[in-house]
Amino acid sequence: MYDAQPIEKLDARDNVLFNYTIVIDGKVVGTWKRTFKKGAVFIEFTPFAPFTLAEMDAFNVAVHRYGEFLGMAVILL
């Protein structure tokens, strides 16, 4: 499901399943969390390895679709 290398990027519970996960091609490649402030949703993400340009483009599309679903502006951190 995910490589053992990014263990230090997991939360204090050391279990990626309890985080919001980023999945690409069936593999967990990072985590993200959201914070609502002043009519916007702030998305902070932690990739386990640098995203390729195609992966970053796909992530941006997904993040902005999420913002449209919420009816809020998205600020990616």
# chains A, B, ... in the order shown; residues from 1 in each chain; ligands from 1
>>> residues_around(residues="A:Ile75", least_positions_apart="3", cutoff="9 Å", atoms="only C-alpha atoms", output="list of chain:residue names")
A:Ala40, A:Val41, A:Phe42, A:Ile43, A:Glu44
>>> write_last_selection(atoms="N, CA and C atoms", output="CSV table (one decimal), in the first residue's frame")
chain,number,residue,atom,x,y,z
A,40,ALA,N,-12.3,30.2,3.1
A,40,ALA,CA,-11.4,29.4,2.2
A,40,ALA,C,-11.0,28.1,3.0
A,41,VAL,N,-10.6,27.2,2.2
A,41,VAL,CA,-10.0,25.9,2.7
A,41,VAL,C,-8.6,25.9,2.4
A,42,PHE,N,-7.7,25.7,3.4
A,42,PHE,CA,-6.3,25.7,3.2
A,42,PHE,C,-5.9,24.2,3.2
A,43,ILE,N,-5.2,23.8,2.2
A,43,ILE,CA,-4.8,22.4,2.1
A,43,ILE,C,-3.3,22.3,2.2
A,44,GLU,N,-2.9,21.6,3.2
A,44,GLU,CA,-1.5,21.3,3.5
A,44,GLU,C,-1.2,19.9,3.1
>>> atom_distance(atom1="atom CA of A:Phe45", atom2="atom CA of A:Phe59")
10.0 Å
>>> select_by_dssp(residues="stretch 31-77 of chain A", states="strand (DSSP E)", output="PyMOL selection string")
chain A and resi 31-37+40-47+73-76
>>> write_last_selection(atoms="N, CA and C atoms", output="PDB file, in the first residue's frame")
ATOM      1  N   THR A  31       0.122  12.443   2.412  1.00  0.00           N
ATOM      2  CA  THR A  31      -1.028  12.770   3.256  1.00  0.00           C
ATOM      3  C   THR A  31      -1.358  14.249   3.079  1.00  0.00           C
ATOM      4  N   TRP A  32      -2.560  14.630   3.510  1.00  0.00           N
ATOM      5  CA  TRP A  32      -2.968  16.026   3.447  1.00  0.00           C
ATOM      6  C   TRP A  32      -3.897  16.317   4.604  1.00  0.00           C
ATOM      7  N   LYS A  33      -4.020  17.598   4.906  1.00  0.00           N
ATOM      8  CA  LYS A  33      -5.010  18.004   5.909  1.00  0.00           C
ATOM      9  C   LYS A  33      -5.587  19.342   5.487  1.00  0.00           C
ATOM     10  N   ARG A  34      -6.763  19.618   5.978  1.00  0.00           N
ATOM     11  CA  ARG A  34      -7.460  20.852   5.612  1.00  0.00           C
ATOM     12  C   ARG A  34      -7.696  21.693   6.850  1.00  0.00           C
ATOM     13  N   THR A  35      -7.759  23.009   6.613  1.00  0.00           N
ATOM     14  CA  THR A  35      -8.099  23.964   7.650  1.00  0.00           C
ATOM     15  C   THR A  35      -9.011  25.002   7.018  1.00  0.00           C
ATOM     16  N   PHE A  36     -10.125  25.274   7.667  1.00  0.00           N
ATOM     17  CA  PHE A  36     -11.056  26.279   7.173  1.00  0.00           C
ATOM     18  C   PHE A  36     -10.774  27.611   7.849  1.00  0.00           C
ATOM     19  N   LYS A  37     -10.599  28.669   7.022  1.00  0.00           N
ATOM     20  CA  LYS A  37     -10.374  30.013   7.551  1.00  0.00           C
ATOM     21  C   LYS A  37     -10.993  31.029   6.608  1.00  0.00           C
ATOM     22  N   ALA A  40     -12.332  30.152   3.119  1.00  0.00           N
ATOM     23  CA  ALA A  40     -11.436  29.397   2.240  1.00  0.00           C
ATOM     24  C   ALA A  40     -11.019  28.121   2.955  1.00  0.00           C
ATOM     25  N   VAL A  41     -10.595  27.156   2.162  1.00  0.00           N
ATOM     26  CA  VAL A  41     -10.046  25.936   2.727  1.00  0.00           C
ATOM     27  C   VAL A  41      -8.560  25.892   2.377  1.00  0.00           C
ATOM     28  N   PHE A  42      -7.743  25.748   3.401  1.00  0.00           N
ATOM     29  CA  PHE A  42      -6.303  25.659   3.232  1.00  0.00           C
ATOM     30  C   PHE A  42      -5.928  24.179   3.225  1.00  0.00           C
ATOM     31  N   ILE A  43      -5.231  23.752   2.202  1.00  0.00           N
ATOM     32  CA  ILE A  43      -4.819  22.357   2.068  1.00  0.00           C
ATOM     33  C   ILE A  43      -3.303  22.296   2.233  1.00  0.00           C
ATOM     34  N   GLU A  44      -2.875  21.584   3.247  1.00  0.00           N
ATOM     35  CA  GLU A  44      -1.450  21.349   3.470  1.00  0.00           C
ATOM     36  C   GLU A  44      -1.180  19.889   3.138  1.00  0.00           C
ATOM     37  N   PHE A  45      -0.206  19.635   2.269  1.00  0.00           N
ATOM     38  CA  PHE A  45       0.055  18.255   1.893  1.00  0.00           C
ATOM     39  C   PHE A  45       1.505  17.883   2.147  1.00  0.00           C
ATOM     40  N   THR A  46       1.703  16.594   2.422  1.00  0.00           N
ATOM     41  CA  THR A  46       3.030  16.062   2.690  1.00  0.00           C
ATOM     42  C   THR A  46       3.255  14.854   1.791  1.00  0.00           C
ATOM     43  N   PRO A  47       3.908  15.050   0.657  1.00  0.00           N
ATOM     44  CA  PRO A  47       4.205  13.899  -0.195  1.00  0.00           C
ATOM     45  C   PRO A  47       5.341  13.083   0.422  1.00  0.00           C
ATOM     46  N   ALA A  73     -12.955  28.874  -1.844  1.00  0.00           N
ATOM     47  CA  ALA A  73     -11.647  29.022  -2.467  1.00  0.00           C
ATOM     48  C   ALA A  73     -10.676  28.048  -1.808  1.00  0.00           C
ATOM     49  N   VAL A  74      -9.710  27.583  -2.575  1.00  0.00           N
ATOM     50  CA  VAL A  74      -8.687  26.655  -2.058  1.00  0.00           C
ATOM     51  C   VAL A  74      -7.345  27.347  -2.068  1.00  0.00           C
ATOM     52  N   ILE A  75      -6.624  27.216  -0.975  1.00  0.00           N
ATOM     53  CA  ILE A  75      -5.261  27.727  -0.898  1.00  0.00           C
ATOM     54  C   ILE A  75      -4.382  26.531  -0.564  1.00  0.00           C
ATOM     55  N   LEU A  76      -3.494  26.200  -1.489  1.00  0.00           N
ATOM     56  CA  LEU A  76      -2.610  25.055  -1.345  1.00  0.00           C
ATOM     57  C   LEU A  76      -1.322  25.495  -0.658  1.00  0.00           C
TER      58      LEU A  76
END
>>> residues_around(residues="A:Ala62", least_positions_apart="2", cutoff="12 Å", atoms="only C-alpha atoms", output="tab-separated table (two decimals) with all heavy atoms, in the first residue's frame")
chain	number	residue	atom	x	y	z
A	22	ILE	N	-3.22	10.62	0.05
A	22	ILE	CA	-3.13	10.91	-1.37
A	22	ILE	C	-2.76	9.59	-2.03
A	22	ILE	O	-1.73	8.99	-1.69
A	22	ILE	CB	-2.06	11.98	-1.67
A	22	ILE	CG1	-2.36	13.26	-0.90
A	22	ILE	CG2	-1.98	12.24	-3.17
A	22	ILE	CD1	-1.21	14.26	-0.90
A	23	VAL	N	-3.60	9.14	-2.95
A	23	VAL	CA	-3.38	7.86	-3.61
A	23	VAL	C	-3.22	8.11	-5.10
A	23	VAL	O	-4.05	8.77	-5.73
A	23	VAL	CB	-4.57	6.90	-3.37
A	23	VAL	CG1	-4.37	5.58	-4.10
A	23	VAL	CG2	-4.78	6.67	-1.89
A	24	ILE	N	-2.13	7.59	-5.65
A	24	ILE	CA	-1.88	7.67	-7.09
A	24	ILE	C	-1.56	6.26	-7.56
A	24	ILE	O	-0.69	5.59	-6.99
A	24	ILE	CB	-0.73	8.63	-7.42
A	24	ILE	CG1	-1.09	10.06	-7.00
A	24	ILE	CG2	-0.38	8.57	-8.90
A	24	ILE	CD1	0.01	11.08	-7.19
A	43	ILE	N	-5.23	23.75	2.20
A	43	ILE	CA	-4.82	22.36	2.07
A	43	ILE	C	-3.30	22.30	2.23
A	43	ILE	O	-2.56	22.88	1.46
A	43	ILE	CB	-5.20	21.78	0.69
A	43	ILE	CG1	-6.69	21.93	0.41
A	43	ILE	CG2	-4.73	20.33	0.57
A	43	ILE	CD1	-7.59	21.04	1.22
A	55	GLU	N	1.89	14.19	-11.61
A	55	GLU	CA	1.25	13.93	-10.32
A	55	GLU	C	0.80	15.22	-9.66
A	55	GLU	O	-0.30	15.30	-9.10
A	55	GLU	CB	2.21	13.17	-9.40
A	55	GLU	CG	2.49	11.76	-9.83
A	55	GLU	CD	3.63	11.11	-9.07
A	55	GLU	OE1	4.50	11.82	-8.53
A	55	GLU	OE2	3.65	9.86	-9.03
A	56	MET	N	1.62	16.26	-9.75
A	56	MET	CA	1.26	17.55	-9.16
A	56	MET	C	0.07	18.15	-9.88
A	56	MET	O	-0.84	18.71	-9.25
A	56	MET	CB	2.46	18.50	-9.19
A	56	MET	CG	2.29	19.70	-8.30
A	56	MET	SD	2.23	19.22	-6.57
A	56	MET	CE	1.02	20.38	-5.98
A	57	ASP	N	0.04	18.03	-11.21
A	57	ASP	CA	-1.12	18.51	-11.97
A	57	ASP	C	-2.39	17.79	-11.55
A	57	ASP	O	-3.43	18.42	-11.34
A	57	ASP	CB	-0.88	18.35	-13.47
A	57	ASP	CG	0.14	19.33	-14.03
A	57	ASP	OD1	0.46	20.33	-13.35
A	57	ASP	OD2	0.62	19.08	-15.16
A	58	ALA	N	-2.31	16.47	-11.41
A	58	ALA	CA	-3.48	15.69	-11.00
A	58	ALA	C	-3.92	16.07	-9.59
A	58	ALA	O	-5.12	16.18	-9.31
A	58	ALA	CB	-3.17	14.19	-11.08
A	59	PHE	N	-2.97	16.29	-8.71
A	59	PHE	CA	-3.30	16.69	-7.34
A	59	PHE	C	-3.99	18.05	-7.34
A	59	PHE	O	-4.99	18.24	-6.65
A	59	PHE	CB	-2.03	16.70	-6.48
A	59	PHE	CG	-2.28	17.04	-5.04
A	59	PHE	CD1	-3.00	16.18	-4.22
A	59	PHE	CD2	-1.81	18.22	-4.50
A	59	PHE	CE1	-3.24	16.49	-2.89
A	59	PHE	CE2	-2.03	18.55	-3.18
A	59	PHE	CZ	-2.75	17.68	-2.37
A	60	ASN	N	-3.47	18.98	-8.11
A	60	ASN	CA	-4.09	20.31	-8.20
A	60	ASN	C	-5.52	20.23	-8.72
A	60	ASN	O	-6.41	20.92	-8.22
A	60	ASN	CB	-3.26	21.23	-9.11
A	60	ASN	CG	-2.11	21.87	-8.37
A	60	ASN	OD1	-2.25	22.30	-7.24
A	60	ASN	ND2	-0.96	21.93	-9.02
A	64	HIS	N	-8.76	21.39	-6.43
A	64	HIS	CA	-9.71	22.42	-6.87
A	64	HIS	C	-11.12	21.87	-7.06
A	64	HIS	O	-12.10	22.58	-6.81
A	64	HIS	CB	-9.17	23.14	-8.10
A	64	HIS	CG	-8.05	24.05	-7.72
A	64	HIS	ND1	-6.73	23.66	-7.71
A	64	HIS	CD2	-8.06	25.33	-7.24
A	64	HIS	CE1	-5.98	24.66	-7.27
A	64	HIS	NE2	-6.76	25.68	-6.97
A	65	ARG	N	-11.24	20.60	-7.43
A	65	ARG	CA	-12.57	19.97	-7.46
A	65	ARG	C	-13.16	19.91	-6.05
A	65	ARG	O	-14.35	20.11	-5.85
A	65	ARG	CB	-12.49	18.58	-8.07
A	65	ARG	CG	-12.31	18.60	-9.58
A	65	ARG	CD	-12.33	17.23	-10.18
A	65	ARG	NE	-13.63	16.62	-9.95
A	65	ARG	CZ	-13.84	15.31	-9.94
A	65	ARG	NH1	-12.85	14.47	-10.13
A	65	ARG	NH2	-15.05	14.82	-9.74
A	66	TYR	N	-12.30	19.63	-5.08
A	66	TYR	CA	-12.74	19.60	-3.69
A	66	TYR	C	-13.23	20.98	-3.25
A	66	TYR	O	-14.27	21.10	-2.60
A	66	TYR	CB	-11.58	19.12	-2.81
A	66	TYR	CG	-11.91	19.01	-1.34
A	66	TYR	CD1	-12.91	18.15	-0.89
A	66	TYR	CD2	-11.22	19.76	-0.40
A	66	TYR	CE1	-13.20	18.04	0.46
A	66	TYR	CE2	-11.51	19.65	0.95
A	66	TYR	CZ	-12.50	18.79	1.37
A	66	TYR	OH	-12.79	18.70	2.70
A	67	GLY	N	-12.50	22.02	-3.64
A	67	GLY	CA	-12.93	23.38	-3.34
A	67	GLY	C	-14.27	23.72	-3.97
A	67	GLY	O	-15.12	24.35	-3.34
A	68	GLU	N	-14.46	23.28	-5.22
A	68	GLU	CA	-15.75	23.51	-5.89
A	68	GLU	C	-16.87	22.77	-5.15
A	68	GLU	O	-17.97	23.31	-4.99
A	68	GLU	CB	-15.67	23.03	-7.34
A	68	GLU	CG	-14.82	23.92	-8.21
A	68	GLU	CD	-14.64	23.35	-9.61
A	68	GLU	OE1	-15.31	22.33	-9.95
A	68	GLU	OE2	-13.82	23.90	-10.36
A	69	PHE	N	-16.60	21.55	-4.70
A	69	PHE	CA	-17.58	20.79	-3.95
A	69	PHE	C	-17.99	21.52	-2.67
A	69	PHE	O	-19.16	21.58	-2.31
A	69	PHE	CB	-17.00	19.41	-3.61
A	69	PHE	CG	-17.84	18.61	-2.64
A	69	PHE	CD1	-19.01	18.00	-3.06
A	69	PHE	CD2	-17.45	18.50	-1.31
A	69	PHE	CE1	-19.79	17.27	-2.16
A	69	PHE	CE2	-18.23	17.77	-0.41
A	69	PHE	CZ	-19.38	17.15	-0.85
A	74	VAL	N	-9.71	27.58	-2.58
A	74	VAL	CA	-8.69	26.66	-2.06
A	74	VAL	C	-7.35	27.35	-2.07
A	74	VAL	O	-6.97	27.99	-3.06
A	74	VAL	CB	-8.62	25.38	-2.93
A	74	VAL	CG1	-7.47	24.50	-2.50
A	74	VAL	CG2	-9.92	24.61	-2.87
A	76	LEU	N	-3.49	26.20	-1.49
A	76	LEU	CA	-2.61	25.06	-1.35
A	76	LEU	C	-1.32	25.49	-0.66
A	76	LEU	O	-0.66	26.43	-1.10
A	76	LEU	CB	-2.30	24.48	-2.73
A	76	LEU	CG	-1.73	23.08	-2.81
A	76	LEU	CD1	-2.61	22.07	-2.11
A	76	LEU	CD2	-1.53	22.70	-4.26
>>> atom_distance(atom1="atom CA of A:Gly30", atom2="atom CA of A:Thr52")
13.0 Å
